[in-house]
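These notes are about the structure you will find just below.
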Amino acid sequence: MKRSTCAARGALLLGMVASWASAQTTFPFQLRLTSTNAAVVVPNSATVAFSAAIGQSQTFRLTATYSGSGTVTVPQSPQLFGSPDFTAILAGTPPITLTPGASLIVDLTYRPSTSSGANAQFNLPFTETTSITNPPTVSQNQISLNLQGTAPSFVLSYVLQSTLNTVPLQPGGTIPFPPTLINTTSQANLNISNLGSGSGQVTNVTLTGSPAFTLVGLPLFPVTLTAGQQLQLLVRYLPTAVESDSAQIQISFDSGTPVTVNLQGSGVSPMFSYNVLQGTQSTPVTPPGPISLPDTNVGSASSVVIQVQNTGNTTGTINSPPSLAGPFQITGLPLFPQVLAPNSRFTFTLTSMPTQPGTQTGELLIGADLFNLTGNGLGPDIVYSYVSGATTTTLGPNNTAVIFSPTAIGQTGQLNFIITNTGTTNANVSNIVIGELNSPFALSGPPNLPTSLGPGQAVQFSISFTPTTIGLVNGTLHVDTITIPLIGSGTAPPALPAYTIQGPSGNVAPQTQSVVSLKLASPYPLALNGLLTLSTSGNLLTDPAVQFSTGGQTVPFVIPANSTDANFANQGPLLHLQTGTVASTITLTPTFATQAGNVLVTPSSPATLQFSVAPAAPVLLSVVPASESASSFVLNVTGYSTTRTLTSVTLQFTAAAGFAFGTSQVTINIQPAATQWFQSTASQAFGGQFTVSLPFTLRGTPPAGTTLLQTIASISTTVSNEVGTSNAVVTPLP
């Protein structure tokens, strides 16, 4: 809308500039025209362009400012010559006197009564008196403007694309679309023509009512139409049902009342109905049927009459004769194409000629409608079939065996086996068995035997296949004297999901117990047997104390089907193990196998849990005096060294109250004895454990009534190896 306003303003300025060359340079007034959206200074005798819709108006205010040095007298009201659609109103009552810089105002209004262009001449006489001469000069002149007015005038019409005739359309009128086949399209052009003398705007076009009508390719509104210009709108009608449809289009303009256009259409369609005539009986049938023909002895024939009728509301055409697939025949056809007016009909004969007992099927195509045909040949006929997944397979020359889909070990594949009497007399079944003992094939839900199957009757039961080995498996199904091969194949069980062994990590303390568990990342569908193996590695011998709480370095576990947690030796999901007293790396490695068939499912690179007992300073567990006498005792020092080495033992003696020692600390080199012990066969059963027995004989003369042993209050003991020094154990002496 802002763009249109600027265009109108530009036209006004150009019109006024065009007359500038003829203006009088000594004219004593500055003339300024203003409207609601424009202001411009114009010369005398300029042309002013107006534009308004019929019945509406446009006003310019003329402000004339005296630019001379004398006085001006306006003796009378403005004069207008030409079209009465223009008016000029002077502000104030003549005579009006103006001094330099003073102004007068005239409102110029255009209110068109027709769409034709209008012209008028505006004159406002004045007298100017100047005092620069003696006597003063008096001159007569006038303010003059040429007024031009235009008005838009919108007219509607439409063109149906089915006729290509332009039809005038009054506001509130109707565009009648021709009867239209459903799901096809009829179109019309709605024309909005500006037959006036000036520009106008179409501000909006909206559609309400039935969704069968749509406006296609609407422009961006508002749209400015100059005089003689036309806007075309495409209206599309797409009926989807046999019914009447209506809608309304509302057209809005920048001036004037919105206009409504009505849309009217109807969907039509031929509709073919079908009846099966047999004797005096008429039976309606709709696609896909079925159309059932009478039971017929093999080698004989029976017939029905098919009636085709157009029950729709417009003419329909069937271009080609009906066609058949199956053991049937058509006779008595009329000539084609058949053009059927509403309620018109034709007939033909459909004949069944069975060549074998049982159900005869086929298809009948009439125009675009497809029917299933069924008929019975009289006589017994047993057919064997099976359903696997969504596929039904009938046994015969090309399919002589029941084939199961490959099935993973531990899983069960199942299919339905069907025995059908497709004939028209009873069929007897006396025996249904699997031919092998201990077969992976099994029957489920067989019928009570013997059983009799009437025409079209069937019995069904399930055959299951549960493989325990990988590879091809054969079996047989016996139905009375008929032997039907059964073929299946066992495949590897599903891949084991990821698993985690939870327990200690990094460096762990020696001679401790840790808790271990094993968990699958997701449930496994089969029950699993497993074995968790503990192994050690390092530069030292293996400590036999490194074992599971169940004893030994292997422990069995099970994971029930569709679960995740391992149950160790039927004791639960948590397993304890001892870390021993020797520096080494401990590794836990699991293996997995299916309980059914004992098929290994251990990953090629199984995840393990690994942790270490690091080389460390010795650890003292106890220091106990023994064989005590008045002047001697034996100190038994017990502990373990993860390096299986000892270098020295240091004893710090604390004197009893009132006594003192010359030497209170003693360090003893025990490396030779320790090396001899840890290299002995006897030590291998104890890992890094040791007991050092240190005999002591005391010398000296104690006070009367006191033994030498009583002069010692306590002994603090530490043991060292090449890594460091142990904890200190303080042992009191009696």
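Each chain in the structure tokens gets a letter, A, B and so on, in the order shown; residues start at 1 in every chain, and ligands are counted from 1 in the order they appear.
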I'd like the contact shell of Val601 (chain A) - 9 Å cut-off, only C-alpha atoms, skipping same-chain residues fewer than 6 positions apart - returned as a ChimeraX atom specification.
/A:492-496,591-594
Name all residues at most 9 Å from region 532-547 of chain A (count only C-alpha atoms; drop same-chain ones fewer than 4 positions away) and give them as a ChimeraX atom specification.
/A:511,551-557,568,576-591,643-644,684-688
Identify, on the basis of only C-alpha atoms, every residue whose closest approach to Phe177 (chain A) does not exceed 12 Å; exclude the query and any residue fewer than 4 positions from it along the same chain; express the result as a ChimeraX atom specification.
/A:158-163,181,185-189,212-213,235-239,244-247,262-268
Taking N, CA and C atoms for each residue, export the selection above as a short mmCIF file (atom, residue, chain, number, x, y, z; two decimals), in the first residue's frame.
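Output (again36.cif):
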data_model
loop_
_atom_site.label_atom_id
_atom_site.label_comp_id
_atom_site.auth_asym_id
_atom_site.auth_seq_id
_atom_site.Cartn_x
_atom_site.Cartn_y
_atom_site.Cartn_z
N TYR A 158 -16.70 -13.52 -16.12
CA TYR A 158 -16.04 -14.81 -15.96
C TYR A 158 -16.02 -15.54 -17.29
N VAL A 159 -15.06 -16.49 -17.38
CA VAL A 159 -14.93 -17.33 -18.58
C VAL A 159 -14.79 -18.76 -18.10
N LEU A 160 -15.78 -19.60 -18.41
CA LEU A 160 -15.66 -21.03 -18.13
C LEU A 160 -14.74 -21.65 -19.17
N GLN A 161 -13.78 -22.42 -18.74
CA GLN A 161 -12.84 -23.01 -19.68
C GLN A 161 -13.49 -24.09 -20.54
N SER A 162 -14.69 -24.53 -20.14
CA SER A 162 -15.39 -25.52 -20.97
C SER A 162 -16.08 -24.86 -22.16
N THR A 163 -16.35 -23.52 -22.08
CA THR A 163 -17.05 -22.84 -23.18
C THR A 163 -16.22 -21.73 -23.80
N LEU A 181 -17.29 -34.52 -13.40
CA LEU A 181 -17.01 -35.85 -12.88
C LEU A 181 -16.20 -35.72 -11.59
N THR A 185 -11.37 -31.98 -12.70
CA THR A 185 -11.33 -30.54 -12.45
C THR A 185 -12.05 -29.77 -13.54
N SER A 186 -12.88 -28.79 -13.12
CA SER A 186 -13.40 -27.74 -14.00
C SER A 186 -12.80 -26.42 -13.54
N GLN A 187 -12.57 -25.49 -14.49
CA GLN A 187 -11.93 -24.24 -14.14
C GLN A 187 -12.66 -23.06 -14.78
N ALA A 188 -12.55 -21.90 -14.12
CA ALA A 188 -13.12 -20.67 -14.65
C ALA A 188 -12.17 -19.53 -14.32
N ASN A 189 -12.10 -18.56 -15.22
CA ASN A 189 -11.35 -17.33 -14.97
C ASN A 189 -12.32 -16.25 -14.49
N ALA A 212 -14.22 -27.89 -2.19
CA ALA A 212 -14.07 -28.33 -3.58
C ALA A 212 -13.62 -27.18 -4.47
N PHE A 213 -13.83 -25.93 -4.04
CA PHE A 213 -13.42 -24.75 -4.82
C PHE A 213 -12.11 -24.21 -4.24
N VAL A 235 -10.25 -19.95 -10.81
CA VAL A 235 -11.07 -20.67 -9.83
C VAL A 235 -11.13 -22.12 -10.29
N ARG A 236 -10.74 -23.03 -9.40
CA ARG A 236 -10.71 -24.46 -9.74
C ARG A 236 -11.77 -25.19 -8.91
N TYR A 237 -12.50 -26.08 -9.59
CA TYR A 237 -13.54 -26.88 -8.93
C TYR A 237 -13.18 -28.35 -9.07
N LEU A 238 -12.99 -29.03 -7.92
CA LEU A 238 -12.61 -30.44 -7.90
C LEU A 238 -13.57 -31.17 -6.97
N PRO A 239 -14.72 -31.65 -7.48
CA PRO A 239 -15.66 -32.37 -6.61
C PRO A 239 -15.12 -33.75 -6.25
N SER A 244 -23.98 -31.44 -4.55
CA SER A 244 -23.84 -30.04 -4.96
C SER A 244 -22.87 -29.34 -4.03
N ASP A 245 -22.09 -28.42 -4.60
CA ASP A 245 -21.11 -27.66 -3.83
C ASP A 245 -21.32 -26.17 -4.09
N SER A 246 -21.11 -25.36 -3.08
CA SER A 246 -21.23 -23.92 -3.23
C SER A 246 -20.16 -23.24 -2.39
N ALA A 247 -19.78 -22.03 -2.83
CA ALA A 247 -18.79 -21.24 -2.12
C ALA A 247 -18.98 -19.77 -2.50
N ASN A 262 -20.84 -15.64 -6.05
CA ASN A 262 -21.22 -16.99 -5.64
C ASN A 262 -20.68 -18.01 -6.64
N LEU A 263 -20.26 -19.17 -6.10
CA LEU A 263 -19.79 -20.28 -6.92
C LEU A 263 -20.75 -21.46 -6.73
N GLN A 264 -21.13 -22.11 -7.80
CA GLN A 264 -22.07 -23.23 -7.71
C GLN A 264 -21.60 -24.34 -8.65
N GLY A 265 -21.55 -25.58 -8.15
CA GLY A 265 -21.16 -26.71 -8.97
C GLY A 265 -21.74 -27.99 -8.41
N SER A 266 -21.66 -29.04 -9.18
CA SER A 266 -22.16 -30.34 -8.73
C SER A 266 -21.24 -31.42 -9.27
N GLY A 267 -20.95 -32.41 -8.41
CA GLY A 267 -20.16 -33.55 -8.82
C GLY A 267 -21.05 -34.64 -9.37
N VAL A 268 -20.67 -35.20 -10.49
CA VAL A 268 -21.46 -36.26 -11.12
C VAL A 268 -20.54 -37.44 -11.38
#
With only C-alpha atoms as the counted atoms, please give the residues lying no more than 9 Å from Pro94 (chain A), apart from itself and same-chain residues fewer than 4 positions off, as a list in words.
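With the cut-off at 9 Å, the set is Thr73, Val74, Pro75, Gln76, Ser77 and Leu90 of chain A.
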Considering only C-alpha atoms, can you say which of A:Ser714, A:Asn398, A:Gln148, A:Ser627 comes closest to Gln665 (chain A)?
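Residue with the minimum atom-to-atom distance to Gln665 (chain A): A:Ser714.
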Can you tell me which residues surround Gly200 (chain A) at a distance of at most 9 Å, considering only C-alpha atoms, apart from same-chain residues fewer than 4 positions away, and format the answer as a list in words?
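Neighbouring residues, sequence-local ones excluded: Ser51, Ala52, Ala53, Ala151, Pro152, Ser153, Phe154, Asn194, Gly196, Val223, Thr224, Leu225, Thr226, Ala227, Phe253, Asp254 and Ser255 of chain A.
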Residue subset to file, keeping C-alpha atoms, as a PDB file, in the first residue's frame:
ATOM      1  CA  SER A  51      -8.291  10.545  -8.557  1.00  0.00           C
ATOM      2  CA  ALA A  52     -11.234   9.203  -6.529  1.00  0.00           C
ATOM      3  CA  ALA A  53     -13.870   6.512  -6.751  1.00  0.00           C
ATOM      4  CA  ALA A 151     -12.188   7.667 -11.302  1.00  0.00           C
ATOM      5  CA  PRO A 152     -11.768   3.877 -11.385  1.00  0.00           C
ATOM      6  CA  SER A 153     -14.736   1.625 -12.205  1.00  0.00           C
ATOM      7  CA  PHE A 154     -14.487  -2.130 -11.575  1.00  0.00           C
ATOM      8  CA  ASN A 194     -11.017  -1.401 -14.405  1.00  0.00           C
ATOM      9  CA  GLY A 196     -12.881   3.774 -15.400  1.00  0.00           C
ATOM     10  CA  VAL A 223      -2.994  -4.963  -6.654  1.00  0.00           C
ATOM     11  CA  THR A 224      -3.234  -1.609  -8.494  1.00  0.00           C
ATOM     12  CA  LEU A 225      -5.200  -1.662 -11.761  1.00  0.00           C
ATOM     13  CA  THR A 226      -4.732   1.310 -14.071  1.00  0.00           C
ATOM     14  CA  ALA A 227      -7.515   2.419 -16.399  1.00  0.00           C
ATOM     15  CA  PHE A 253     -11.278  -2.595  -3.061  1.00  0.00           C
ATOM     16  CA  ASP A 254      -9.457   0.412  -1.679  1.00  0.00           C
ATOM     17  CA  SER A 255     -12.766   2.256  -1.959  1.00  0.00           C
TER      18      SER A 255
END
Between CA of Ser489 (chain A) and CA of Ala596 (chain A), what is the distance, to one decimal in Å?
15.4 Å
Given only C-alpha atoms as the basis, pick out the residue of A:Leu108, A:Ile330, A:Pro450, A:Gly92 nearest to Ser35 (chain A).
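Closest to Ser35 (chain A), using only C-alpha atoms: A:Leu108.
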Skipping near chain neighbours, those fewer than 5 positions away, what residues fall within 12 Å of Pro618 (chain A) using only C-alpha atoms, listed as a count of residues only?
33
Expressed in Å to a single decimal, how great is the separation between CA of Leu651 (chain A) and CA of Phe678 (chain A)?
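A separation of 22.4 Å between them.
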Among region 321-506 of chain A, which ones does DSSP place in strand (DSSP E or B), written as a VMD selection string?
chain A and resid 323 to 325 328 to 331 338 to 340 345 to 352 358 to 366 369 to 378 382 to 388 391 to 394 402 to 403 407 to 408 413 to 421 427 to 429 432 to 434 441 to 444 451 to 453 458 to 465 471 to 479 482 to 491 499 to 502 506
Restricting the calculation to only C-alpha atoms, which member of A:Gly700, A:Leu528, A:Gln250, A:Ile96 is positioned closest to Gly662 (chain A)?
A:Gly700
Could you tell me which of A:Ser83, A:Asn399, A:Thr97, A:Asn275 comes closest to Thr65 (chain A) if we count only C-alpha atoms?
A:Thr97
Using only C-alpha atoms: which of A:Gly488, A:Arg111, A:Ala64, A:Leu449 has the shortest distance to Ala91 (chain A):
A:Ala64
State, in Å with one decimal place, the distance from CA of Pro294 (chain A) to CA of Leu350 (chain A).
11.0 Å
As a list in words, please: every residue in region 560-705 of chain A that DSSP puts in helix (DSSP H, G or I).
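Selecting the helix (DSSP H, G or I) positions of region 560-705 of chain A gives Gln671, Pro672, Ala673, Ala674, Thr675, Gln676, Trp677, Phe678, Ala682, Ser683, Gln684, Ala685 and Phe686 of chain A.
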